[in-house]
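**Q** One structure coming up, written as structure tokens, with questions to follow.
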Amino acid sequence: MKKANRGNLPALIFLFVLLLAWQLGAMKVGAAYILPTPIQILQRLWELRVPLFTVHLPATMLVTGVGLLISLVLGLGLAVAMDWSPLLQKCLYPVVVASQTIPTTAIAPLFVLWFGYGIWSKVLVTVLITFFPITITVYDGLRAAKTEMAELLMTYGATNRDIFLKIKVPCALPYFFSAIKMAVPMSVIGAAIGEWLGAQSGLGYFSRRMMTQLDGAGVFAPIVLLSAAAMLAVAVVGLIERKAVKWRGES
């Protein structure tokens, strides 16, 4: 525990220096509607705590959770399918890559047009952003399994199912957690983008509303909340990873 605390010290010092530079720079600018100070943002966050924590944060977390769950199912399914069949890999891989060339800010308004201002237009934006790292990273993990070990098990009569469960899945597990740690912040970003472009609630929607009122601190307050939620979720995933992949040792 003490070693972990010492390891976090450089990051904490850097964060403190960064916030101090921001505070001094914003004070020099002297225009809170353009660049509010961190203290002003925290004050505004406290003033807006009721709508942010009771209405908009739950709305964004619902979109994030549903989108991330769909991305997990879709990403894992595509990764396993491409690993199982070279033909599927040749068909699906270019499509998966091509999906990331679509500008999110261009397609999101179409989702709103098709599905309205409800949850699903935002969920689709989240899925579009997050399923890609899960698919590609898990697929690379499955392909990283050593063929020598698979051939050895086959000489003992192992089936393809045995090889998948005993070699490929353990090999892909660290890749899976890395993919989740990438996908979690991206899912929060996707939800916020969807809400920014068309919603009736959510942190992205609230930030846009504050911008129309020239409330700089109000714009940053939900962004800080989004960042805190993403960092907390990544920390939880990291904790689960340390419990599930003990054979990797302490990092």
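By order in the structure tokens, chains are A, B, ...; within a chain, residues start at 1; ligands start at 1, following the order shown.
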Can you tell me which residues surround segment 208-215 of chain A at a distance of at most 9 Å, considering only C-alpha atoms, apart from same-chain residues fewer than 2 positions away, and format the answer as a PyMOL selection string?

**A** chain A and resi 32-34+195-197+203-206+217-220

**Q** Could you give me, as a PyMOL selection string, the residues within 12 Å of Ala230 of chain A, counting only C-alpha atoms and dropping anything in the same chain fewer than 5 positions from it?

**A** chain A and resi 57+60-61+64-65+180-192+223-225+235-237

**Q** Smallest atom-to-atom distance to Trp120 of chain A: which of A:Leu87, A:Ala233, A:Ala106, A:Ala199, using only C-alpha atoms?

**A**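 Between A:Leu87, A:Ala233, A:Ala106, A:Ala199, the residue approaching Trp120 of chain A most closely is A:Ala199.
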
**Q** Would you compute the distance between atom CA of Val127 of chain A and atom CA of Phe164 of chain A? Give it in Å to one decimal.

**A**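 A separation of 26.5 Å between them.
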
**Q** Just give me the gap between atom CA of Met82 of chain A and atom CA of Tyr139 of chain A in Å, one decimal is fine.

**A**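 Computed distance, atom CA of Met82 of chain A to atom CA of Tyr139 of chain A, equals 7.3 Å.
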
**Q** Which one is closest to Glu241 of chain A: A:Pro36, A:Pro174, A:Pro133, A:Pro86? Count only C-alpha atoms.

**A**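 When distances to Glu241 of chain A are compared using only C-alpha atoms, the smallest one comes from A:Pro174.
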
**Q** Just the number, please: distance in Å from atom CA of Ala179 of chain A to atom CA of Leu72 of chain A, one decimal.

**A**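 Going from atom CA of Ala179 of chain A over to atom CA of Leu72 of chain A covers 9.6 Å.
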
**Q** Please list as a ChimeraX atom specification every residue within 12 Å of Ile39 of chain A, counting only C-alpha atoms and excluding residues in the same chain fewer than 2 positions away.

**A** /A:19-20,22-24,26-27,32,35-37,41-46,217,220-221

**Q** Keeping only N, CA and C atoms, write the selected residues to a file as a tab-separated table (two decimals), in the first residue's frame.

**A**
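See result.tsv below for the written result:
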```tsv
chain	number	residue	atom	x	y	z
A	19	LEU	N	-2.95	22.44	-12.02
A	19	LEU	CA	-4.09	23.21	-11.52
A	19	LEU	C	-3.65	24.60	-11.05
A	20	LEU	N	-2.47	24.67	-10.44
A	20	LEU	CA	-1.97	25.97	-9.99
A	20	LEU	C	-1.70	26.89	-11.18
A	22	TRP	N	-3.17	26.69	-14.07
A	22	TRP	CA	-4.50	27.05	-14.59
A	22	TRP	C	-5.12	28.17	-13.76
A	23	GLN	N	-5.02	28.05	-12.44
A	23	GLN	CA	-5.60	29.06	-11.55
A	23	GLN	C	-4.96	30.42	-11.80
A	24	LEU	N	-3.63	30.45	-11.86
A	24	LEU	CA	-2.93	31.72	-12.06
A	24	LEU	C	-3.20	32.28	-13.45
A	26	ALA	N	-5.86	31.75	-15.38
A	26	ALA	CA	-7.25	32.22	-15.47
A	26	ALA	C	-7.43	33.53	-14.72
A	27	MET	N	-6.75	33.67	-13.59
A	27	MET	CA	-6.83	34.93	-12.85
A	27	MET	C	-6.22	36.07	-13.66
A	32	ALA	N	-14.11	35.11	-16.57
A	32	ALA	CA	-14.59	33.79	-16.14
A	32	ALA	C	-15.45	33.11	-17.19
A	35	LEU	N	-12.45	31.63	-19.47
A	35	LEU	CA	-11.58	30.68	-18.78
A	35	LEU	C	-11.77	30.83	-17.28
A	36	PRO	N	-12.68	30.06	-16.70
A	36	PRO	CA	-12.87	30.13	-15.25
A	36	PRO	C	-11.73	29.44	-14.52
A	37	THR	N	-11.50	29.82	-13.29
A	37	THR	CA	-10.47	29.19	-12.48
A	37	THR	C	-11.00	27.86	-11.92
A	41	ILE	N	-14.88	26.83	-10.79
A	41	ILE	CA	-15.58	25.64	-11.31
A	41	ILE	C	-16.10	24.79	-10.16
A	42	LEU	N	-15.27	24.59	-9.13
A	42	LEU	CA	-15.72	23.81	-7.98
A	42	LEU	C	-16.88	24.49	-7.26
A	43	GLN	N	-16.81	25.81	-7.15
A	43	GLN	CA	-17.93	26.54	-6.53
A	43	GLN	C	-19.20	26.38	-7.34
A	44	ARG	N	-19.09	26.46	-8.66
A	44	ARG	CA	-20.27	26.31	-9.51
A	44	ARG	C	-20.79	24.88	-9.46
A	45	LEU	N	-19.88	23.93	-9.37
A	45	LEU	CA	-20.29	22.53	-9.25
A	45	LEU	C	-21.10	22.31	-7.98
A	46	TRP	N	-20.70	22.95	-6.90
A	46	TRP	CA	-21.44	22.84	-5.64
A	46	TRP	C	-22.81	23.52	-5.75
A	217	ALA	N	-17.90	28.69	-15.96
A	217	ALA	CA	-17.77	27.72	-14.88
A	217	ALA	C	-18.86	26.66	-14.97
A	220	PHE	N	-17.81	24.05	-17.51
A	220	PHE	CA	-16.78	23.14	-17.04
A	220	PHE	C	-17.26	22.21	-15.93
A	221	ALA	N	-18.25	22.61	-15.15
A	221	ALA	CA	-18.69	21.81	-14.01
A	221	ALA	C	-19.13	20.40	-14.41
```

**Q** What lies within 6 Å of Val123 of chain A using only C-alpha atoms, ignoring chain neighbours under 3 positions off, as number ranges by chain?

**A** A: 63, 67, 120, 126

**Q** Kindly export the residues of the current selection with C-alpha atoms, as a PDB file, in the first residue's frame.

**A**
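So the final result, stored in selection-v7.pdb, reads:
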```pdb
ATOM      1  CA  VAL A  63     -26.456   6.000 -21.621  1.00  0.00           C
ATOM      2  CA  GLY A  67     -23.776   1.675 -24.634  1.00  0.00           C
ATOM      3  CA  TRP A 120     -31.150   5.239 -28.048  1.00  0.00           C
ATOM      4  CA  THR A 126     -21.544   5.526 -27.640  1.00  0.00           C
TER       5      THR A 126
END
```

**Q** Quick one: residues within 12 Å of segment 89-92 of chain A, only C-alpha atoms counted, chain neighbours fewer than 4 positions away excluded, as number ranges by chain?

**A** A: 75, 77-85, 96-99, 132, 135-136, 139-140, 143

**Q** Could the residues in this selection be written to a file with N, CA and C atoms, as a PDB file, in the first residue's frame?

**A**
```
ATOM      1  N   GLY A  75     -18.440  -6.245 -29.471  1.00  0.00           N
ATOM      2  CA  GLY A  75     -16.996  -6.335 -29.668  1.00  0.00           C
ATOM      3  C   GLY A  75     -16.458  -7.731 -29.434  1.00  0.00           C
ATOM      4  N   GLY A  77     -18.179 -10.520 -29.544  1.00  0.00           N
ATOM      5  CA  GLY A  77     -18.717 -11.397 -30.581  1.00  0.00           C
ATOM      6  C   GLY A  77     -17.951 -11.286 -31.884  1.00  0.00           C
ATOM      7  N   LEU A  78     -17.646 -10.069 -32.303  1.00  0.00           N
ATOM      8  CA  LEU A  78     -16.890  -9.875 -33.535  1.00  0.00           C
ATOM      9  C   LEU A  78     -15.469 -10.411 -33.413  1.00  0.00           C
ATOM     10  N   ALA A  79     -14.836 -10.188 -32.258  1.00  0.00           N
ATOM     11  CA  ALA A  79     -13.467 -10.671 -32.062  1.00  0.00           C
ATOM     12  C   ALA A  79     -13.407 -12.196 -32.133  1.00  0.00           C
ATOM     13  N   VAL A  80     -14.329 -12.869 -31.445  1.00  0.00           N
ATOM     14  CA  VAL A  80     -14.349 -14.330 -31.455  1.00  0.00           C
ATOM     15  C   VAL A  80     -14.665 -14.844 -32.858  1.00  0.00           C
ATOM     16  N   ALA A  81     -15.603 -14.199 -33.542  1.00  0.00           N
ATOM     17  CA  ALA A  81     -15.966 -14.632 -34.893  1.00  0.00           C
ATOM     18  C   ALA A  81     -14.783 -14.508 -35.845  1.00  0.00           C
ATOM     19  N   MET A  82     -14.055 -13.397 -35.767  1.00  0.00           N
ATOM     20  CA  MET A  82     -12.908 -13.214 -36.664  1.00  0.00           C
ATOM     21  C   MET A  82     -11.781 -14.176 -36.339  1.00  0.00           C
ATOM     22  N   ASP A  83     -11.606 -14.508 -35.064  1.00  0.00           N
ATOM     23  CA  ASP A  83     -10.589 -15.483 -34.698  1.00  0.00           C
ATOM     24  C   ASP A  83     -10.993 -16.895 -35.130  1.00  0.00           C
ATOM     25  N   TRP A  84     -12.265 -17.195 -35.097  1.00  0.00           N
ATOM     26  CA  TRP A  84     -12.761 -18.529 -35.430  1.00  0.00           C
ATOM     27  C   TRP A  84     -12.700 -18.819 -36.921  1.00  0.00           C
ATOM     28  N   SER A  85     -12.976 -17.799 -37.753  1.00  0.00           N
ATOM     29  CA  SER A  85     -13.062 -18.012 -39.196  1.00  0.00           C
ATOM     30  C   SER A  85     -12.220 -16.999 -39.949  1.00  0.00           C
ATOM     31  N   VAL A  96     -15.143  -3.106 -39.732  1.00  0.00           N
ATOM     32  CA  VAL A  96     -14.910  -2.580 -38.389  1.00  0.00           C
ATOM     33  C   VAL A  96     -14.021  -1.345 -38.443  1.00  0.00           C
ATOM     34  N   VAL A  97     -12.960  -1.418 -39.241  1.00  0.00           N
ATOM     35  CA  VAL A  97     -12.059  -0.271 -39.375  1.00  0.00           C
ATOM     36  C   VAL A  97     -12.764   0.896 -40.056  1.00  0.00           C
ATOM     37  N   ALA A  98     -13.543   0.597 -41.102  1.00  0.00           N
ATOM     38  CA  ALA A  98     -14.240   1.654 -41.837  1.00  0.00           C
ATOM     39  C   ALA A  98     -15.251   2.380 -40.957  1.00  0.00           C
ATOM     40  N   SER A  99     -15.811   1.675 -39.966  1.00  0.00           N
ATOM     41  CA  SER A  99     -16.794   2.313 -39.088  1.00  0.00           C
ATOM     42  C   SER A  99     -16.186   3.465 -38.297  1.00  0.00           C
ATOM     43  N   PHE A 132     -15.099  -0.487 -31.253  1.00  0.00           N
ATOM     44  CA  PHE A 132     -13.880  -0.705 -32.043  1.00  0.00           C
ATOM     45  C   PHE A 132     -12.683  -1.128 -31.192  1.00  0.00           C
ATOM     46  N   THR A 135     -13.198  -4.705 -29.941  1.00  0.00           N
ATOM     47  CA  THR A 135     -13.083  -5.712 -31.003  1.00  0.00           C
ATOM     48  C   THR A 135     -11.637  -5.962 -31.385  1.00  0.00           C
ATOM     49  N   ILE A 136     -10.918  -4.913 -31.717  1.00  0.00           N
ATOM     50  CA  ILE A 136      -9.553  -5.064 -32.228  1.00  0.00           C
ATOM     51  C   ILE A 136      -8.607  -5.573 -31.153  1.00  0.00           C
ATOM     52  N   TYR A 139      -9.390  -9.236 -30.271  1.00  0.00           N
ATOM     53  CA  TYR A 139      -8.981 -10.070 -31.407  1.00  0.00           C
ATOM     54  C   TYR A 139      -7.467 -10.261 -31.413  1.00  0.00           C
ATOM     55  N   ASP A 140      -6.722  -9.185 -31.191  1.00  0.00           N
ATOM     56  CA  ASP A 140      -5.257  -9.308 -31.114  1.00  0.00           C
ATOM     57  C   ASP A 140      -4.851 -10.225 -29.966  1.00  0.00           C
ATOM     58  N   ARG A 143      -5.387 -13.817 -31.020  1.00  0.00           N
ATOM     59  CA  ARG A 143      -4.377 -14.214 -32.001  1.00  0.00           C
ATOM     60  C   ARG A 143      -2.993 -14.331 -31.399  1.00  0.00           C
TER      61      ARG A 143
END
```
